[in-house]
Amino acid sequence: MYVKLALENAKKSIKDYLIYFTTITICVSLFYAFMSLSSSGYELITEDSFRFEDLKQILKYSTYVITGVLVILVGYVNKYMMKRRQREFATYILLGTEQRSVALMFFVETLIVGIMAIICGIFVGTLFSQVVTAIVLITAKQEVVFSFRLYMDTVAITFIFFISMFCVIGLYNIRVLNKLKLINMMNMDKKTEFQFKRSGKFYGFIFSISVILYGICGYCTYQLINSKDNTNTIYMNKLLIEAISLVTFIIATYALFYSIAYIIIFIKDKSINFKYENTNLFLIGSIVSKIKTAPILMATICITFLGAAISFMLTLIMSQWSLGFLEYRVPFDIEIRNEYSYRFEEETSLKDIKDIPKIDYSEIVNYLNNNGYDIEDYCQVEKYFLNKDDFYIRDENNIPIIAIKLSDFNKMRSMLGHEEIKLKENEFTTQWQRMIEDDEIKKYLKENSVIDIDGKKLELSTNAYYDESIGEGIYNVYSDKIIILPDKLCENLTLASTDFQANINNEVSYDKANDFENNYVYNWFNENNQSLVNKYSSEGNDISHYLISTRIKSAETNEILNVTLAMRILGIYLGTVLLMISLTVLALQQLSDSIEHKDRFNVLKKLGVEDEEINKIILKQISLYFVIPIVIAIVGFVIFIYNYYILNIAVINSYIGDKAFVLNIIIAMILMICIYICYFICTYYTFKRNIKTK
């Protein structure tokens, strides 16, 4: 009998709580889609130069953590359903049913709803898994191939994970129901989360506190705006200001919702004409009733929505940042860097200038050509100290500037598709890292327009600086610039290091690139510089790993793609989960109002209010209830994103660009608006159905 009753209640629950069922279904489908990437039967067809094993592992374990956030939603909805039906449970007990049996019946009911959501979610997840696969393949610039199938190991993991979640919450609910007293169950619908228990002055004071905190948040933004022109403001101070801005906004939001119901009532009482116009009195009463009974919940929904917006936006921008940095970091297909000092640390640096090796990369060229790399073009770049004593400088705050030959510089530029430059015999020019501000560059060049090279004065060229990307390895450690000199002037300068860059025609497999980068180059360097390696190496410290390093674009691209895809996919997943949690709770709060206060709308009908006008009241009520926390969250989002832009303006301009930055924000907002509209429409039509149901 109890099982049959639980089944009947489960059917009724799906009808009454369609939004909750839909939310769980979508979350299960997303979980299944991401977990399917790590299935033993899943095959991601890409070129040999890509390997996404790291991505699969990141998605696998991160998905567990993010989906675990759903415990909050499942727990809240179960608590809400249990609270709403406690009067019904009390009736069962009065009719002779044991309290333990009622609790068990409720557990079975919620478990059935959950299992049905899991089954639906898995089938929808097969579609989402293809979307995830398409994102990976498109990002890797591979052909998109769809394959719809169920992965039984992923199906088993999905069932185990979600049923375990439902069981843990269900067993807790059984314990809570067993301890409830019958009298409290009968009167549960009369209880509220919060009522005005203090004087109006207290709530006015809390409201004033929220205004002050919002003011502090705005002042922090003002300080960040001023810091754009103040180079003395260090990054950590700006980061602290950003943190204060976000924290004050969150606290202010809780204070606002704690007091806003009283403020609305105060304004309503002062606006007599507006209060009694049409059905405004009924509408204001409904809105205030919901806000004042759940202020903490409303504030939490607002902050959750803010977290969803930040998750959508920040992960998209960070992934774009990583891809932009990849183009800057490794512009050549193969790059081998030689350093005389690794981060200026004593145990990883050469101590005698005579030990600097003069490297010949011809053997590397032959190896690459003989092993199918097919070199298109290459360049061996020699870097020089302006002064011989610069070798002994180990202060990272006083980095010696390195110089290179004009011919080497032009060779690198031509390999990257840039125009070659010209210098007169008495001229020099500079190359700067992309993220350095123009004002900072111009200030330095103004103070150093003339330099002395081996007793000869050189003047700054008409084209004083270049900032096209030629890789980060060309600069000295901790340095952001190099000097370009005529070839003849470099003949008498002291060699600092020798680098190698090459572009190749053939694609390189990941395993082959990894072997060349981590094995062949080090062995080659050790064989050709045996005495140097023996002199500086010690037990557990191979100096060759600090003096020489290799970057292969295909391998670097593979690593960056693993990270950026993980950020992008998990950011969208986290944002979607947080957004659905906030909107589901908003919707359920309104739907509970449609069920518990159905009589209010019946009274309006008896007073002669037409159905069309009642529908307008419902639309206004839901709109206001949805809009108030969302608008506040959007204001916080705008403040955060603007502060973030100011904080990282140099990096954004260098690696992302203003257009890409705005595009990522637009994408995040479109995703959120689409989900928001779906929940709003579902809530509106379900609300109307509830008040019409007898």
# chains A, B, ... in the order shown; residues from 1 in each chain; ligands from 1
call {"tool": "residues_around", "arguments": {"residues": "A:Leu59", "least_positions_apart": "3", "cutoff": "12 Å", "atoms": "only C-alpha atoms", "output": "compact mmCIF listing (two decimals) with N, CA, C and O atoms, in the first residue's frame"}}
result
# COMPACT_ATOMS: atom_id res chain seq x y z
N LEU A 30 24.47 16.87 -18.43
CA LEU A 30 25.78 17.51 -18.51
C LEU A 30 26.84 16.64 -17.84
O LEU A 30 27.97 16.50 -18.35
N PHE A 31 26.49 16.06 -16.70
CA PHE A 31 27.42 15.16 -16.00
C PHE A 31 27.79 13.98 -16.90
O PHE A 31 28.96 13.63 -17.05
N TYR A 32 26.77 13.38 -17.51
CA TYR A 32 27.02 12.23 -18.39
C TYR A 32 27.88 12.65 -19.58
O TYR A 32 28.79 11.92 -20.00
N ALA A 33 27.59 13.83 -20.16
CA ALA A 33 28.33 14.29 -21.34
C ALA A 33 29.81 14.44 -21.04
O ALA A 33 30.66 14.01 -21.83
N PHE A 34 30.15 15.04 -19.90
CA PHE A 34 31.56 15.25 -19.56
C PHE A 34 32.24 13.95 -19.14
O PHE A 34 33.39 13.70 -19.48
N MET A 35 31.52 13.13 -18.38
CA MET A 35 32.10 11.88 -17.93
C MET A 35 32.31 10.90 -19.09
O MET A 35 33.18 10.04 -19.03
N SER A 36 31.53 11.04 -20.15
CA SER A 36 31.67 10.13 -21.29
C SER A 36 33.02 10.29 -21.97
O SER A 36 33.52 9.35 -22.61
N LEU A 37 33.65 11.48 -21.81
CA LEU A 37 34.98 11.70 -22.40
C LEU A 37 36.02 10.77 -21.79
O LEU A 37 37.02 10.44 -22.43
N SER A 38 35.80 10.37 -20.54
CA SER A 38 36.77 9.51 -19.87
C SER A 38 36.38 8.04 -19.94
O SER A 38 37.01 7.19 -19.31
N SER A 39 35.33 7.73 -20.72
CA SER A 39 34.89 6.34 -20.85
C SER A 39 35.93 5.52 -21.60
O SER A 39 36.61 6.01 -22.51
N PHE A 52 44.61 14.32 -25.68
CA PHE A 52 43.70 14.96 -24.74
C PHE A 52 43.45 14.11 -23.49
O PHE A 52 42.39 14.20 -22.87
N GLU A 53 44.42 13.29 -23.13
CA GLU A 53 44.27 12.47 -21.92
C GLU A 53 44.17 13.35 -20.67
O GLU A 53 43.39 13.06 -19.76
N ASP A 54 44.98 14.41 -20.62
CA ASP A 54 44.93 15.32 -19.46
C ASP A 54 43.56 15.98 -19.36
O ASP A 54 43.01 16.14 -18.26
N LEU A 55 43.02 16.40 -20.52
CA LEU A 55 41.70 17.02 -20.52
C LEU A 55 40.65 16.06 -19.98
O LEU A 55 39.79 16.46 -19.17
N LYS A 56 40.70 14.81 -20.38
CA LYS A 56 39.73 13.83 -19.92
C LYS A 56 39.80 13.66 -18.40
O LYS A 56 38.76 13.57 -17.73
N SER A 62 36.87 17.07 -11.99
CA SER A 62 36.25 18.36 -11.75
C SER A 62 34.73 18.26 -11.84
O SER A 62 34.02 18.97 -11.13
N THR A 63 34.26 17.40 -12.72
CA THR A 63 32.81 17.22 -12.86
C THR A 63 32.19 16.69 -11.58
O THR A 63 31.09 17.09 -11.20
N TYR A 64 32.91 15.79 -10.88
CA TYR A 64 32.42 15.30 -9.59
C TYR A 64 32.22 16.46 -8.62
O TYR A 64 31.19 16.56 -7.93
N VAL A 65 33.21 17.34 -8.57
CA VAL A 65 33.17 18.46 -7.61
C VAL A 65 32.04 19.42 -7.95
O VAL A 65 31.24 19.81 -7.09
N ILE A 66 31.96 19.81 -9.24
CA ILE A 66 30.94 20.79 -9.65
C ILE A 66 29.54 20.21 -9.47
O ILE A 66 28.64 20.88 -8.96
N THR A 67 29.36 18.96 -9.89
CA THR A 67 28.04 18.34 -9.76
C THR A 67 27.67 18.18 -8.29
O THR A 67 26.48 18.18 -7.94
N VAL A 132 30.06 18.61 -26.56
CA VAL A 132 31.38 18.70 -25.93
C VAL A 132 32.46 18.24 -26.89
O VAL A 132 33.52 18.87 -27.03
N ASN A 562 44.55 21.58 -23.75
CA ASN A 562 44.01 20.80 -22.64
C ASN A 562 43.52 21.71 -21.52
O ASN A 562 42.43 21.52 -20.97
N VAL A 563 44.32 22.72 -21.21
CA VAL A 563 43.96 23.64 -20.12
C VAL A 563 42.80 24.55 -20.52
O VAL A 563 41.83 24.72 -19.77
N THR A 564 42.88 25.15 -21.73
CA THR A 564 41.84 26.10 -22.15
C THR A 564 40.50 25.41 -22.35
O THR A 564 39.45 25.96 -21.99
N LEU A 565 40.52 24.21 -22.93
CA LEU A 565 39.26 23.49 -23.10
C LEU A 565 38.65 23.11 -21.76
O LEU A 565 37.43 23.18 -21.58
N ALA A 566 39.50 22.71 -20.81
CA ALA A 566 39.01 22.39 -19.47
C ALA A 566 38.37 23.62 -18.82
O ALA A 566 37.28 23.54 -18.25
N MET A 567 39.04 24.77 -18.92
CA MET A 567 38.48 26.00 -18.35
C MET A 567 37.17 26.37 -19.02
O MET A 567 36.18 26.73 -18.36
N ARG A 568 37.15 26.31 -20.34
CA ARG A 568 35.96 26.72 -21.08
C ARG A 568 34.78 25.81 -20.78
O ARG A 568 33.67 26.28 -20.47
N ILE A 569 34.98 24.50 -20.85
CA ILE A 569 33.88 23.54 -20.66
C ILE A 569 33.40 23.54 -19.21
O ILE A 569 32.20 23.61 -18.94
N LEU A 570 34.36 23.49 -18.27
CA LEU A 570 33.96 23.46 -16.85
C LEU A 570 33.35 24.79 -16.42
O LEU A 570 32.47 24.82 -15.56
N GLY A 571 33.83 25.89 -17.00
CA GLY A 571 33.24 27.19 -16.67
C GLY A 571 31.80 27.27 -17.10
O GLY A 571 30.93 27.77 -16.35
N TYR A 573 29.85 24.69 -17.53
CA TYR A 573 29.12 23.73 -16.69
C TYR A 573 28.83 24.32 -15.31
O TYR A 573 27.69 24.28 -14.83
N LEU A 574 29.87 24.88 -14.68
CA LEU A 574 29.69 25.48 -13.35
C LEU A 574 28.68 26.62 -13.41
O LEU A 574 27.79 26.73 -12.56
call {"tool": "residues_around", "arguments": {"residues": "A:Val71", "least_positions_apart": "4", "cutoff": "12 Å", "atoms": "only C-alpha atoms", "output": "list in words"}}
result
Ile24, Cys27, Tyr64, Val65, Ile66, Thr67, Gly75, Tyr76, Val77, Asn78, Lys79, Phe161, Phe162, Ile163, Ser164, Met165, Phe166, Cys167, Val168, Ile169, Gly170, Val577, Leu578 and Ile581 of chain A
call {"tool": "closest_residue", "arguments": {"among": "A:Leu150, A:Met105, A:Leu297, A:Ile543", "to": "A:Ser129", "atoms": "only C-alpha atoms"}}
result
A:Leu150
call {"tool": "select_by_dssp", "arguments": {"residues": "stretch 455-614 of chain A", "states": "alpha helix (DSSP H)", "output": "PyMOL selection string"}}
result
chain A and resi 510-515+521-528+530-536+544-547+553-596+598-606+611-614
call {"tool": "residues_around", "arguments": {"residues": "A:Thr498", "least_positions_apart": "5", "cutoff": "12 Å", "atoms": "only C-alpha atoms", "output": "VMD selection string"}}
result
chain A and resid 335 to 340 356 to 361 379 to 384 402 to 405 408 473 to 476 547 to 549
call {"tool": "residues_around", "arguments": {"residues": "stretch 626-642 of chain A", "least_positions_apart": "4", "cutoff": "6 Å", "atoms": "only C-alpha atoms", "output": "PyMOL selection string"}}
result
chain A and resi 302+306+622
call {"tool": "write_last_selection", "arguments": {"atoms": "N, CA and C atoms", "output": "compact mmCIF listing (two decimals), in the first residue's frame"}}
result
# COMPACT_ATOMS: atom_id res chain seq x y z
N CYS A 302 20.64 35.86 -5.46
CA CYS A 302 21.30 36.97 -6.16
C CYS A 302 22.80 36.71 -6.29
N LEU A 306 25.20 35.92 -9.55
CA LEU A 306 26.44 36.66 -9.80
C LEU A 306 27.60 35.69 -10.02
N ILE A 622 5.72 37.68 -11.01
CA ILE A 622 6.86 36.83 -11.35
C ILE A 622 8.01 37.66 -11.91
call {"tool": "closest_residue", "arguments": {"among": "A:Phe325, A:Phe107, A:Tyr378, A:Tyr222", "to": "A:Asn503", "atoms": "only C-alpha atoms"}}
result
A:Tyr378
